[in-house]
>>> print(open('protein_14.txt').read())   # compact mmCIF, C-alpha atoms
# COMPACT_ATOMS: atom_id res chain seq x y z
CA MET A 1 5.00 21.66 -0.61
CA LYS A 2 1.83 19.98 -1.85
CA GLU A 3 1.71 16.68 -3.70
CA GLU A 4 -0.73 16.32 -6.60
CA GLN A 5 -2.73 13.75 -4.58
CA GLU A 6 -3.57 16.42 -2.03
CA LEU A 7 -4.81 18.83 -4.68
CA CYS A 8 -8.21 19.27 -6.27
CA GLN A 9 -8.77 20.66 -9.76
CA ILE A 10 -10.62 23.96 -9.71
CA GLY A 11 -10.19 25.29 -13.24
CA ARG A 12 -8.27 25.36 -16.50
CA VAL A 13 -6.66 28.38 -18.13
CA LEU A 14 -8.17 28.81 -21.58
CA ARG A 15 -6.31 31.87 -22.91
CA PRO A 16 -4.90 35.25 -21.95
CA HIS A 17 -7.35 38.16 -21.74
CA GLY A 18 -6.02 41.61 -22.54
CA ILE A 19 -2.42 42.75 -22.13
CA ARG A 20 -2.14 43.06 -18.35
CA GLY A 21 -1.76 39.40 -17.50
CA GLU A 22 -5.42 38.55 -17.02
CA VAL A 23 -6.43 34.99 -17.98
CA LYS A 24 -9.76 33.42 -18.93
CA VAL A 25 -10.48 30.29 -16.91
CA GLN A 26 -12.98 27.43 -17.25
CA VAL A 27 -14.34 26.76 -13.76
CA PHE A 28 -14.42 23.15 -12.52
CA SER A 29 -16.89 23.89 -9.74
CA ASP A 30 -20.67 24.17 -9.38
CA ARG A 31 -20.16 27.78 -8.33
CA SER A 32 -18.94 30.06 -11.11
CA ASP A 33 -17.93 32.67 -8.47
CA ARG A 34 -15.65 30.14 -6.75
CA PHE A 35 -12.40 32.00 -7.43
CA GLY A 36 -13.73 35.06 -5.56
CA MET A 37 -13.55 32.97 -2.36
CA LEU A 38 -9.94 31.89 -2.88
CA ASP A 39 -6.70 33.57 -1.94
CA HIS A 40 -4.38 31.45 -4.06
CA VAL A 41 -4.30 28.50 -6.48
CA TYR A 42 -1.56 26.13 -7.67
CA VAL A 43 -0.32 25.19 -11.14
CA LEU A 44 1.93 22.22 -11.76
CA ASN A 45 5.32 22.74 -13.34
CA GLY A 46 6.98 20.29 -15.71
CA GLU A 47 8.10 17.97 -12.89
CA ASN A 48 4.67 18.10 -11.22
CA THR A 49 5.95 20.54 -8.63
CA PRO A 50 3.15 22.86 -7.52
CA ARG A 51 3.70 26.60 -8.01
CA LYS A 52 1.58 28.93 -5.90
CA LEU A 53 -0.24 31.80 -7.65
CA LYS A 54 -1.80 34.54 -5.53
CA ILE A 55 -5.17 35.71 -6.87
CA LEU A 56 -5.35 39.51 -7.11
CA SER A 57 -8.74 39.78 -8.75
CA ALA A 58 -11.48 37.43 -9.92
CA ARG A 59 -14.56 38.31 -11.95
CA ASN A 60 -17.05 36.34 -13.97
CA GLN A 61 -17.79 36.41 -17.66
CA GLY A 62 -20.76 34.10 -18.14
CA ALA A 63 -19.73 30.64 -16.98
CA LEU A 64 -16.03 31.56 -17.23
CA ALA A 65 -13.82 33.47 -14.79
CA LEU A 66 -11.28 36.20 -15.47
CA LEU A 67 -8.35 36.08 -13.05
CA THR A 68 -5.27 38.16 -12.36
CA PHE A 69 -2.37 36.72 -10.39
CA ALA A 70 0.35 38.61 -8.49
CA GLU A 71 3.02 36.56 -10.29
CA VAL A 72 1.60 37.18 -13.80
CA SER A 73 1.88 40.78 -14.88
CA ASP A 74 1.89 40.75 -18.69
CA ARG A 75 0.39 38.90 -21.63
CA ASP A 76 3.53 36.81 -22.28
CA ALA A 77 3.43 35.40 -18.76
CA ALA A 78 -0.32 34.81 -19.13
CA GLU A 79 0.29 33.01 -22.45
CA ALA A 80 2.64 30.61 -20.62
CA LEU A 81 -0.27 29.51 -18.40
CA LYS A 82 -2.49 28.60 -21.36
CA GLY A 83 -3.89 25.05 -20.98
CA GLN A 84 -2.66 24.71 -17.39
CA THR A 85 -4.95 23.22 -14.76
CA LEU A 86 -5.45 25.23 -11.59
CA PHE A 87 -5.57 23.36 -8.27
CA ILE A 88 -6.54 24.05 -4.68
CA GLU A 89 -5.69 22.11 -1.55
CA ASP A 90 -8.16 19.38 -0.55
CA ASP A 91 -8.99 21.14 2.72
CA GLN A 92 -10.15 24.22 0.76
CA MET A 93 -12.86 22.21 -0.99
CA LEU A 94 -16.42 23.23 -0.22
CA PRO A 95 -18.81 20.53 0.96
CA ALA A 96 -21.06 19.17 -1.80
CA PRO A 97 -24.49 20.87 -1.97
CA GLU A 98 -27.33 19.27 0.01
CA GLY A 99 -28.56 16.10 -1.67
CA LYS A 100 -25.70 16.09 -4.19
CA HIS A 101 -22.37 14.29 -4.36
CA TYR A 102 -19.09 15.17 -6.00
CA ILE A 103 -18.61 13.36 -9.30
CA HIS A 104 -15.17 12.00 -8.31
CA GLU A 105 -16.79 10.40 -5.23
CA LEU A 106 -19.52 8.77 -7.35
CA ILE A 107 -17.17 7.26 -9.91
CA GLY A 108 -16.36 3.66 -9.04
CA MET A 109 -19.48 3.17 -6.91
CA GLU A 110 -21.54 0.01 -7.26
CA VAL A 111 -24.91 0.62 -8.95
CA ARG A 112 -27.79 -1.72 -8.14
CA THR A 113 -31.42 -1.77 -9.17
CA ASP A 114 -34.00 -1.76 -6.39
CA GLY A 115 -35.08 -5.27 -7.34
CA GLY A 116 -31.45 -6.43 -7.34
CA ARG A 117 -31.71 -7.82 -10.89
CA PHE A 118 -28.84 -5.75 -12.29
CA SER A 119 -25.64 -4.42 -10.83
CA GLY A 120 -22.69 -2.61 -12.31
CA THR A 121 -20.07 0.06 -11.74
CA LEU A 122 -20.49 3.77 -12.26
CA THR A 123 -17.70 4.77 -14.65
CA ASP A 124 -18.57 8.33 -15.71
CA VAL A 125 -21.06 11.16 -15.32
CA LEU A 126 -22.08 13.01 -18.49
CA ALA A 127 -23.29 16.60 -18.22
CA LEU A 128 -26.12 16.73 -20.76
CA PRO A 129 -28.59 19.56 -21.44
CA ALA A 130 -31.57 17.92 -19.71
CA HIS A 131 -29.78 16.49 -16.67
CA ASN A 132 -26.65 14.58 -15.78
CA VAL A 133 -26.46 10.97 -16.92
CA TYR A 134 -24.63 8.17 -15.08
CA VAL A 135 -22.64 5.80 -17.27
CA VAL A 136 -22.82 2.33 -15.71
CA GLU A 137 -20.87 -0.71 -16.86
CA VAL A 138 -23.06 -3.78 -16.54
CA GLY A 139 -21.06 -6.80 -17.68
CA ASP A 140 -19.75 -5.90 -21.12
CA ARG A 141 -22.54 -3.36 -21.74
CA GLU A 142 -22.76 0.34 -21.03
CA VAL A 143 -26.05 1.56 -19.54
CA LEU A 144 -27.01 5.23 -19.26
CA ILE A 145 -29.16 6.26 -16.30
CA PRO A 146 -30.66 9.75 -15.86
CA ALA A 147 -29.35 11.32 -12.64
CA VAL A 148 -32.78 12.51 -11.47
CA PRO A 149 -34.62 11.59 -8.23
CA GLU A 150 -37.16 9.61 -10.31
CA PHE A 151 -34.36 7.08 -11.02
CA ILE A 152 -31.74 7.55 -8.31
CA LEU A 153 -33.32 6.24 -5.13
CA SER A 154 -30.34 6.49 -2.81
CA VAL A 155 -26.61 7.11 -2.73
CA ASP A 156 -24.80 5.41 0.14
CA THR A 157 -21.34 6.94 0.39
CA GLU A 158 -20.21 4.57 3.17
CA LYS A 159 -21.10 1.38 1.31
CA ARG A 160 -20.24 3.11 -2.00
CA ARG A 161 -23.52 1.98 -3.49
CA VAL A 162 -26.11 3.72 -5.67
CA THR A 163 -29.62 2.27 -5.79
CA VAL A 164 -31.59 3.00 -8.95
CA ARG A 165 -35.19 2.37 -9.92
CA GLU A 166 -35.57 -0.47 -12.36
CA MET A 167 -37.71 0.59 -15.28
CA PRO A 168 -38.44 -1.53 -18.37
CA GLY A 169 -36.23 -0.44 -21.24
CA LEU A 170 -33.48 1.02 -19.07
CA PHE A 171 -31.25 -1.98 -18.45
CA ASP A 172 -32.65 -4.43 -20.97
CA GLU A 173 -32.68 -3.96 -24.72
CA GLU A 174 -36.49 -4.06 -24.81
CA GLU A 175 -38.18 -1.42 -27.00
CA MET B 1 -38.64 30.26 -41.24
CA ALA B 2 -40.77 29.22 -38.27
CA ARG B 3 -43.39 26.51 -38.63
CA SER B 4 -46.90 27.73 -39.41
CA LEU B 5 -49.04 28.20 -36.27
CA LYS B 6 -52.00 26.79 -38.17
CA LYS B 7 -50.36 23.33 -38.23
CA GLY B 8 -49.48 23.28 -34.55
CA PRO B 9 -46.29 21.70 -33.20
CA TYR B 10 -44.89 18.61 -34.91
CA ILE B 11 -45.28 15.52 -32.75
CA ASP B 12 -44.44 12.05 -33.98
CA GLN B 13 -47.81 10.30 -33.88
CA LYS B 14 -46.39 6.84 -33.14
CA LEU B 15 -44.52 8.25 -30.16
CA LEU B 16 -47.59 10.07 -28.90
CA MET B 17 -49.61 6.87 -29.20
CA LYS B 18 -47.00 4.96 -27.18
CA VAL B 19 -47.15 7.57 -24.42
CA GLU B 20 -50.94 7.58 -24.43
CA ALA B 21 -50.99 3.78 -24.22
CA LEU B 22 -48.73 3.94 -21.16
CA ARG B 23 -50.90 6.66 -19.62
CA THR B 24 -54.03 4.59 -19.95
CA ILE B 25 -52.48 1.64 -18.09
CA ASN B 26 -50.68 4.02 -15.71
CA GLN B 27 -47.29 2.44 -16.32
CA LYS B 28 -43.86 3.88 -17.02
CA LYS B 29 -41.08 2.58 -19.19
CA VAL B 30 -38.24 3.99 -21.23
CA ILE B 31 -39.46 4.63 -24.78
CA LYS B 32 -36.86 4.29 -27.51
CA THR B 33 -37.19 6.86 -30.28
CA TRP B 34 -35.40 8.23 -33.30
CA ALA B 35 -37.90 11.11 -33.58
CA ARG B 36 -35.54 13.87 -32.49
CA ASN B 37 -37.67 16.46 -34.29
CA THR B 38 -40.69 15.84 -32.07
CA THR B 39 -41.79 18.85 -30.07
CA ILE B 40 -42.35 17.91 -26.42
CA PRO B 41 -46.05 18.29 -25.51
CA PRO B 42 -47.22 18.49 -21.86
CA GLU B 43 -48.35 14.84 -22.10
CA PHE B 44 -44.70 13.73 -22.19
CA VAL B 45 -43.85 15.22 -18.76
CA GLY B 46 -42.72 12.54 -16.33
CA TYR B 47 -41.90 9.99 -19.05
CA THR B 48 -38.42 8.92 -20.07
CA PHE B 49 -37.33 8.65 -23.68
CA ALA B 50 -34.20 7.01 -25.01
CA VAL B 51 -33.41 9.47 -27.80
CA HIS B 52 -31.02 8.28 -30.49
CA ASN B 53 -28.08 10.60 -31.08
CA GLY B 54 -26.74 8.81 -34.15
CA ASN B 55 -24.60 6.53 -32.06
CA LYS B 56 -26.52 5.45 -28.98
CA PHE B 57 -29.72 6.11 -27.08
CA ILE B 58 -29.51 8.93 -24.55
CA PRO B 59 -32.07 8.74 -21.72
CA VAL B 60 -34.07 11.96 -21.38
CA TYR B 61 -36.40 12.32 -18.40
CA VAL B 62 -38.93 14.96 -19.48
CA GLN B 63 -39.60 17.75 -16.99
CA GLU B 64 -42.04 20.66 -17.22
CA ASN B 65 -39.46 23.20 -18.37
CA MET B 66 -38.70 21.06 -21.46
CA VAL B 67 -42.21 21.43 -22.95
CA GLY B 68 -42.08 23.18 -26.34
CA HIS B 69 -38.48 22.09 -27.03
CA LYS B 70 -37.54 19.29 -29.42
CA LEU B 71 -36.45 15.91 -28.05
CA GLY B 72 -33.21 16.13 -30.05
CA GLU B 73 -32.11 19.22 -28.11
CA PHE B 74 -31.53 17.01 -25.08
CA ALA B 75 -29.53 14.28 -26.82
CA PRO B 76 -26.47 16.03 -28.28
CA THR B 77 -24.76 14.33 -31.19
CA ARG B 78 -21.35 15.54 -30.03
CA ILE B 79 -20.77 14.96 -26.34
CA PHE B 80 -18.67 17.63 -24.69
CA ARG B 81 -17.08 16.36 -21.50
CA SER B 82 -17.05 19.50 -19.41
CA HIS B 83 -15.98 17.93 -16.15
CA PRO B 84 -12.37 16.89 -15.77
CA GLY B 85 -11.22 13.44 -14.81
CA GLY B 86 -9.93 13.35 -11.25
CA LYS B 87 -10.92 15.27 -8.17
CA SER B 88 -12.91 18.47 -8.65
CA GLU B 89 -15.81 20.41 -7.13
CA ARG B 90 -18.35 19.29 -9.75
CA SER B 91 -21.37 17.59 -8.21
CA SER B 92 -24.30 15.58 -9.46
>>> encode(input="protein_14.txt", output="structure tokens")
Amino acid sequence: MKEEQELCQIGRVLRPHGIRGEVKVQVFSDRSDRFGMLDHVYVLNGENTPRKLKILSARNQGALALLTFAEVSDRDAAEALKGQTLFIEDDQMLPAPEGKHYIHELIGMEVRTDGGRFSGTLTDVLALPAHNVYVVEVGDREVLIPAVPEFILSVDTEKRRVTVREMPGLFDEEE
Amino acid sequence: MARSLKKGPYIDQKLLMKVEALRTINQKKVIKTWARNTTIPPEFVGYTFAVHNGNKFIPVYVQENMVGHKLGEFAPTRIFRSHPGGKSERSS
């Protein structure tokens, strides 16, 4: 039986779809077709005990996925899954795409400017329309840094350090 | 109703002047702006703007595919956190 620590979030059930137990799922992966590669997922019961759900079919509807499970055959059973997070085992995780890093790995990393003038901790990654933005806590301030190669010079996963380009107006309050 | 073609796109002149001043000295810096309604001209490509969203300044690094859009489109006023806290397959 899997503990929650060994599981990785892969989606969240939004609502039932139709009357045959299909559910609409928000995908927590870069690949919207991710569920097509999986055989089963887990949901957590009230006491955080994982319950295995075998995937019978998976199709995409825009950025969302429509799933049917062997254990869920009607709308009432699908309704019971509403709001539940779907998990996979850690060893089923795909490697991060070339040149990218998983957000959960980035959070908590030390962020330093190339000149070494500022340093802080990466606390969040915002998905914004133009590009992702790193939220960095520098002292008691919050600094937002665009996650584009122009700014992010290197990400060292071993030293857990992100080096960013220092640009006037980014870290200081200058106009 | 769409803006008249005769007038051309709306670009905040003060902002355009700031970008042109930086271009002449070949320097880059983050330009703070409240002009969310400014259409992005090709001159803005490669520059970073801190666009106010009513609460804070959101950094927007302008790329070629953003030309013709408004600056405000890239600094949402309501931030939707689409990635979950905890371990997931979302990358950046």
>>> interface_residues(input="protein_14.txt", of="chain B", to="chain A", cutoff="9 Å", atoms="all atoms listed in the file", output="number ranges by chain")
B: 28-33, 46, 48, 50, 57-63, 66, 73-76, 79-92
>>> closest_residue(input="protein_14.txt", among="A:Glu142, A:Asp172, A:Glu71, A:Glu137", to="A:Val41", atoms="all atoms listed in the file")
A:Glu71
>>> axis_aligned_box(input="protein_14.txt", around="stretch 158-170 of chain A", padding_each_side="5 Å", output="lines of an AutoDock Vina configuration file")
center_x = -29.3
center_y = 1.5
center_z = -9.0
size_x = 28.2
size_y = 16.1
size_z = 34.4
>>> closest_residue(input="protein_14.txt", among="B:His69, B:Arg3, B:Arg23, B:Lys56", to="B:Glu43", atoms="all atoms listed in the file")
B:Arg23
>>> atom_distance(input="protein_14.txt", atom1="atom CA of A:Arg165", atom2="atom CA of B:Ala35")
25.4 Å
>>> atom_distance(input="protein_14.txt", atom1="atom CA of B:Asp12", atom2="atom CA of A:Pro149")
27.6 Å
>>> atom_distance(input="protein_14.txt", atom1="atom CA of A:Gly120", atom2="atom CA of A:Arg160")
12.0 Å
